[in-house]
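Text of input-v5.txt (compact mmCIF, C-alpha atoms) as supplied:
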```txt
# COMPACT_ATOMS: atom_id res chain seq x y z
CA MET A 1 163.13 132.07 133.51
CA VAL A 2 166.91 132.36 133.37
CA ASN A 3 169.12 131.24 130.51
CA TYR A 4 172.32 130.40 132.41
CA ARG A 5 174.47 130.00 129.30
CA LEU A 6 173.47 133.43 128.02
CA LYS A 7 174.01 134.93 131.46
CA ALA A 8 177.52 133.42 131.62
CA GLN A 9 178.33 134.82 128.17
CA MET A 10 177.09 138.29 129.10
CA LEU A 11 179.15 138.24 132.32
CA GLU A 12 182.18 137.18 130.27
CA VAL A 13 181.69 140.20 127.99
CA VAL A 14 181.53 142.45 131.06
CA ASP A 15 184.75 140.86 132.38
CA ASN A 16 186.41 141.50 129.00
CA GLN A 17 185.28 145.13 129.05
CA LEU A 18 186.74 145.52 132.54
CA ARG A 19 189.99 143.77 131.63
CA ASP A 20 190.50 145.85 128.47
CA ASN A 21 189.10 149.00 130.09
CA ASP A 22 187.01 149.50 126.97
CA PRO A 23 184.70 151.29 127.33
CA LYS A 24 186.05 153.12 130.34
CA CYS A 25 182.58 153.79 131.69
CA THR A 26 182.20 150.09 132.54
CA LYS A 27 184.95 150.22 135.14
CA LYS A 28 183.65 153.54 136.47
CA ALA A 29 180.18 152.04 136.87
CA LEU A 30 181.58 148.97 138.63
CA ASN A 31 183.61 151.08 141.08
CA ARG A 32 180.61 153.31 141.77
CA LEU A 33 178.45 150.26 142.52
CA PHE A 34 181.17 148.94 144.86
CA ASP A 35 181.16 152.29 146.65
CA LEU A 36 177.38 152.01 147.09
CA GLY A 37 177.86 148.63 148.80
CA TYR A 38 176.90 146.25 146.01
CA ALA A 39 178.76 142.94 145.72
CA GLU A 40 180.98 142.26 142.71
CA ASN A 41 178.69 139.64 141.18
CA GLU A 42 175.57 141.74 141.68
CA SER A 43 177.30 144.78 140.15
CA LYS A 44 178.42 142.80 137.12
CA GLU A 45 174.91 141.44 136.65
CA MET A 46 173.52 144.98 136.59
CA ILE A 47 176.09 145.99 133.97
CA ALA A 48 175.33 142.82 131.97
CA ALA A 49 171.60 143.65 132.03
CA VAL A 50 172.30 147.08 130.55
CA LEU A 51 174.64 145.49 127.98
CA GLY A 52 171.93 143.01 126.98
CA GLU A 53 169.42 145.81 126.59
CA GLU A 54 171.86 147.76 124.42
CA MET A 55 172.50 144.71 122.24
CA PHE A 56 168.76 144.09 121.89
CA ASP A 57 168.16 147.72 120.88
CA MET A 58 170.96 147.47 118.30
CA MET A 59 169.44 144.39 116.67
CA LYS A 60 165.83 145.58 116.89
CA ASN A 61 166.54 149.00 115.38
CA GLU A 62 169.34 147.78 113.07
CA GLU A 63 171.76 150.32 114.53
CA VAL A 64 175.47 150.31 115.18
CA TYR A 65 176.82 150.19 118.75
CA ASN A 66 176.29 153.51 120.50
CA GLU A 67 178.88 153.84 123.28
CA LYS A 68 177.43 157.16 124.50
CA ARG A 69 173.99 155.65 125.03
CA TYR A 70 175.50 152.58 126.75
CA CYS A 71 177.61 154.75 129.07
CA LYS A 72 174.63 156.97 129.83
CA LYS A 73 172.63 153.95 130.99
CA LEU A 74 175.57 152.68 133.04
CA GLY A 75 175.80 156.10 134.65
CA LYS A 76 172.24 155.71 135.91
CA LEU A 77 172.97 152.45 137.73
CA PRO A 78 171.73 151.18 140.16
CA GLU A 79 168.49 153.20 139.94
CA TYR A 80 168.07 152.38 136.23
CA TYR A 81 168.42 148.65 136.90
CA LEU A 82 166.18 148.61 139.95
CA ARG A 83 163.41 150.57 138.22
CA LYS A 84 163.59 148.70 134.93
CA TYR A 85 164.18 145.12 136.03
CA ILE A 86 163.34 144.66 139.71
CA ASP A 87 160.10 146.68 139.66
CA ALA A 88 158.98 144.76 136.56
CA GLU A 89 159.47 141.46 138.40
CA SER A 90 157.48 142.63 141.41
CA ASP A 91 154.62 143.77 139.14
CA GLU A 92 154.41 140.28 137.65
CA GLU A 93 154.13 138.71 141.10
CA MET A 94 151.27 141.02 142.06
CA GLN A 95 149.05 139.95 139.15
CA VAL A 96 146.11 137.78 140.16
CA PRO A 97 145.03 134.91 137.92
CA VAL A 98 141.65 135.25 136.23
CA VAL A 99 139.04 132.80 137.54
CA ASN A 100 136.37 131.82 135.05
CA GLU A 101 132.87 131.69 136.47
CA GLN A 102 130.87 128.58 135.85
CA LYS A 103 128.94 129.01 132.60
CA ILE A 104 125.30 128.16 132.14
CA GLY A 105 124.78 125.15 129.92
CA ARG A 106 122.18 125.20 127.14
CA ASN A 107 120.06 122.56 128.87
CA ASP A 108 120.37 124.01 132.41
CA PRO A 109 117.38 125.77 133.98
CA CYS A 110 117.33 129.47 133.18
CA PRO A 111 118.70 131.66 135.99
CA CYS A 112 115.86 134.16 135.49
CA GLY A 113 113.53 131.74 137.32
CA SER A 114 111.07 131.06 134.50
CA GLY A 115 111.48 127.30 134.84
CA LYS A 116 112.35 126.93 131.14
CA LYS A 117 115.64 125.65 129.78
CA TYR A 118 118.24 128.39 129.23
CA LYS A 119 118.30 127.76 125.44
CA LYS A 120 114.52 128.30 125.17
CA CYS A 121 114.38 131.32 127.49
CA CYS A 122 117.24 133.80 127.77
CA GLY A 123 119.87 131.94 125.70
```
Show this structure as structure tokens.
Amino acid sequence: MVNYRLKAQMLEVVDNQLRDNDPKCTKKALNRLFDLGYAENESKEMIAAVLGEEMFDMMKNEEVYNEKRYCKKLGKLPEYYLRKYIDAESDEEMQVPVVNEQKIGRNDPCPCGSGKKYKKCCG
């Protein structure tokens, strides 16, 4: 599920960071991703994912913004992003739905072969 409005807002924040060059590690991360062959939009989405994670951690732990931690995560791109977000998506796709076996009703014959109703025999 994708929230397109939130995604647009996060990408706008990344654009603002790049325009203002604050923090400087954002532009460094973007240039490094370009050098690795990633497209501009894909690179910005990776940075936005790290930004979202940082914002979530700030709210969850009631902390102030930690630029060092944010820059450290950006420095690990793209491996950090691929391991954290892409591998998680592939794990979800590999899960197999649980199929419930047909249950024995109370008035069905007992599966043990006694000929009695299940509720009178093994139930």
Contacts of Cys121 in chain A at 12 Å (all atoms listed in the file; same-chain gap of 5+ positions) as a count of residues only: 11
At most 9 Å from (173.5, 148.4, 126.6), file frame, only C-alpha atoms: which residues, as an MDAnalysis selection string? chainID A and resid 47:58 65:67 69:71 73:74
So the first atom is CA of Pro78 in chain A and the second is CA of Met46 in chain A; what is the distance between them in Å, to one decimal place? 7.4 Å
When you draw a straight line from CA of Arg83 in chain A to CA of Arg19 in chain A, how long is it in Å?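 According to the coordinates, CA of Arg83 in chain A and CA of Arg19 in chain A are separated by 28.2 Å.
The two atoms in question, CA of Leu30 in chain A and CA of Lys84 in chain A, are spaced 18.4 Å apart.
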Could range 40-62 of chain A be completed with N, CA, C and O atoms and returned as a PDB file, in the coordinates of the input?
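Everything below was put into result-v4.pdb:
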```pdb
ATOM      1  N   GLU A  40     180.399 142.301 144.055  1.00  0.00           N
ATOM      2  CA  GLU A  40     180.980 142.260 142.710  1.00  0.00           C
ATOM      3  C   GLU A  40     180.054 141.563 141.725  1.00  0.00           C
ATOM      4  O   GLU A  40     179.792 142.073 140.633  1.00  0.00           O
ATOM      5  N   ASN A  41     179.538 140.397 142.095  1.00  0.00           N
ATOM      6  CA  ASN A  41     178.690 139.640 141.180  1.00  0.00           C
ATOM      7  C   ASN A  41     177.403 140.393 140.865  1.00  0.00           C
ATOM      8  O   ASN A  41     176.977 140.463 139.710  1.00  0.00           O
ATOM      9  N   GLU A  42     176.799 140.978 141.883  1.00  0.00           N
ATOM     10  CA  GLU A  42     175.570 141.740 141.680  1.00  0.00           C
ATOM     11  C   GLU A  42     175.821 142.956 140.784  1.00  0.00           C
ATOM     12  O   GLU A  42     175.015 143.266 139.902  1.00  0.00           O
ATOM     13  N   SER A  43     176.949 143.613 140.966  1.00  0.00           N
ATOM     14  CA  SER A  43     177.300 144.780 140.150  1.00  0.00           C
ATOM     15  C   SER A  43     177.495 144.381 138.694  1.00  0.00           C
ATOM     16  O   SER A  43     177.005 145.056 137.784  1.00  0.00           O
ATOM     17  N   LYS A  44     178.200 143.267 138.487  1.00  0.00           N
ATOM     18  CA  LYS A  44     178.420 142.800 137.120  1.00  0.00           C
ATOM     19  C   LYS A  44     177.121 142.383 136.449  1.00  0.00           C
ATOM     20  O   LYS A  44     176.937 142.584 135.249  1.00  0.00           O
ATOM     21  N   GLU A  45     176.200 141.815 137.217  1.00  0.00           N
ATOM     22  CA  GLU A  45     174.910 141.440 136.650  1.00  0.00           C
ATOM     23  C   GLU A  45     174.113 142.669 136.214  1.00  0.00           C
ATOM     24  O   GLU A  45     173.435 142.639 135.191  1.00  0.00           O
ATOM     25  N   MET A  46     174.204 143.737 136.977  1.00  0.00           N
ATOM     26  CA  MET A  46     173.520 144.980 136.590  1.00  0.00           C
ATOM     27  C   MET A  46     174.106 145.513 135.280  1.00  0.00           C
ATOM     28  O   MET A  46     173.367 145.918 134.387  1.00  0.00           O
ATOM     29  N   ILE A  47     175.429 145.505 135.195  1.00  0.00           N
ATOM     30  CA  ILE A  47     176.090 145.990 133.970  1.00  0.00           C
ATOM     31  C   ILE A  47     175.724 145.086 132.800  1.00  0.00           C
ATOM     32  O   ILE A  47     175.435 145.565 131.694  1.00  0.00           O
ATOM     33  N   ALA A  48     175.686 143.771 133.034  1.00  0.00           N
ATOM     34  CA  ALA A  48     175.330 142.820 131.970  1.00  0.00           C
ATOM     35  C   ALA A  48     173.892 143.038 131.500  1.00  0.00           C
ATOM     36  O   ALA A  48     173.598 142.893 130.310  1.00  0.00           O
ATOM     37  N   ALA A  49     172.993 143.394 132.412  1.00  0.00           N
ATOM     38  CA  ALA A  49     171.600 143.650 132.030  1.00  0.00           C
ATOM     39  C   ALA A  49     171.517 144.857 131.092  1.00  0.00           C
ATOM     40  O   ALA A  49     170.797 144.839 130.093  1.00  0.00           O
ATOM     41  N   VAL A  50     172.285 145.895 131.409  1.00  0.00           N
ATOM     42  CA  VAL A  50     172.300 147.080 130.550  1.00  0.00           C
ATOM     43  C   VAL A  50     172.932 146.734 129.203  1.00  0.00           C
ATOM     44  O   VAL A  50     172.453 147.170 128.148  1.00  0.00           O
ATOM     45  N   LEU A  51     173.985 145.929 129.225  1.00  0.00           N
ATOM     46  CA  LEU A  51     174.640 145.490 127.980  1.00  0.00           C
ATOM     47  C   LEU A  51     173.663 144.708 127.114  1.00  0.00           C
ATOM     48  O   LEU A  51     173.567 144.940 125.909  1.00  0.00           O
ATOM     49  N   GLY A  52     172.924 143.793 127.732  1.00  0.00           N
ATOM     50  CA  GLY A  52     171.930 143.010 126.980  1.00  0.00           C
ATOM     51  C   GLY A  52     170.860 143.891 126.369  1.00  0.00           C
ATOM     52  O   GLY A  52     170.447 143.677 125.220  1.00  0.00           O
ATOM     53  N   GLU A  53     170.416 144.878 127.117  1.00  0.00           N
ATOM     54  CA  GLU A  53     169.420 145.810 126.590  1.00  0.00           C
ATOM     55  C   GLU A  53     169.982 146.588 125.410  1.00  0.00           C
ATOM     56  O   GLU A  53     169.301 146.789 124.400  1.00  0.00           O
ATOM     57  N   GLU A  54     171.222 147.022 125.519  1.00  0.00           N
ATOM     58  CA  GLU A  54     171.860 147.760 124.420  1.00  0.00           C
ATOM     59  C   GLU A  54     171.985 146.881 123.177  1.00  0.00           C
ATOM     60  O   GLU A  54     171.705 147.320 122.061  1.00  0.00           O
ATOM     61  N   MET A  55     172.376 145.631 123.373  1.00  0.00           N
ATOM     62  CA  MET A  55     172.500 144.710 122.240  1.00  0.00           C
ATOM     63  C   MET A  55     171.134 144.455 121.594  1.00  0.00           C
ATOM     64  O   MET A  55     171.013 144.412 120.366  1.00  0.00           O
ATOM     65  N   PHE A  56     170.101 144.297 122.419  1.00  0.00           N
ATOM     66  CA  PHE A  56     168.760 144.090 121.890  1.00  0.00           C
ATOM     67  C   PHE A  56     168.307 145.298 121.074  1.00  0.00           C
ATOM     68  O   PHE A  56     167.763 145.147 119.971  1.00  0.00           O
ATOM     69  N   ASP A  57     168.540 146.499 121.601  1.00  0.00           N
ATOM     70  CA  ASP A  57     168.160 147.720 120.880  1.00  0.00           C
ATOM     71  C   ASP A  57     168.907 147.821 119.548  1.00  0.00           C
ATOM     72  O   ASP A  57     168.332 148.257 118.541  1.00  0.00           O
ATOM     73  N   MET A  58     170.183 147.427 119.542  1.00  0.00           N
ATOM     74  CA  MET A  58     170.960 147.470 118.300  1.00  0.00           C
ATOM     75  C   MET A  58     170.346 146.572 117.237  1.00  0.00           C
ATOM     76  O   MET A  58     170.185 146.961 116.082  1.00  0.00           O
ATOM     77  N   MET A  59     169.996 145.346 117.643  1.00  0.00           N
ATOM     78  CA  MET A  59     169.440 144.390 116.670  1.00  0.00           C
ATOM     79  C   MET A  59     168.035 144.793 116.246  1.00  0.00           C
ATOM     80  O   MET A  59     167.692 144.718 115.069  1.00  0.00           O
ATOM     81  N   LYS A  60     167.217 145.224 117.196  1.00  0.00           N
ATOM     82  CA  LYS A  60     165.830 145.580 116.890  1.00  0.00           C
ATOM     83  C   LYS A  60     165.762 146.761 115.939  1.00  0.00           C
ATOM     84  O   LYS A  60     164.972 146.758 114.991  1.00  0.00           O
ATOM     85  N   ASN A  61     166.583 147.773 116.185  1.00  0.00           N
ATOM     86  CA  ASN A  61     166.540 149.000 115.380  1.00  0.00           C
ATOM     87  C   ASN A  61     167.564 149.011 114.259  1.00  0.00           C
ATOM     88  O   ASN A  61     167.704 150.023 113.573  1.00  0.00           O
ATOM     89  N   GLU A  62     168.303 147.903 114.102  1.00  0.00           N
ATOM     90  CA  GLU A  62     169.340 147.780 113.070  1.00  0.00           C
ATOM     91  C   GLU A  62     170.298 148.963 113.107  1.00  0.00           C
ATOM     92  O   GLU A  62     170.530 149.637 112.113  1.00  0.00           O
TER      93      GLU A  62
END
```
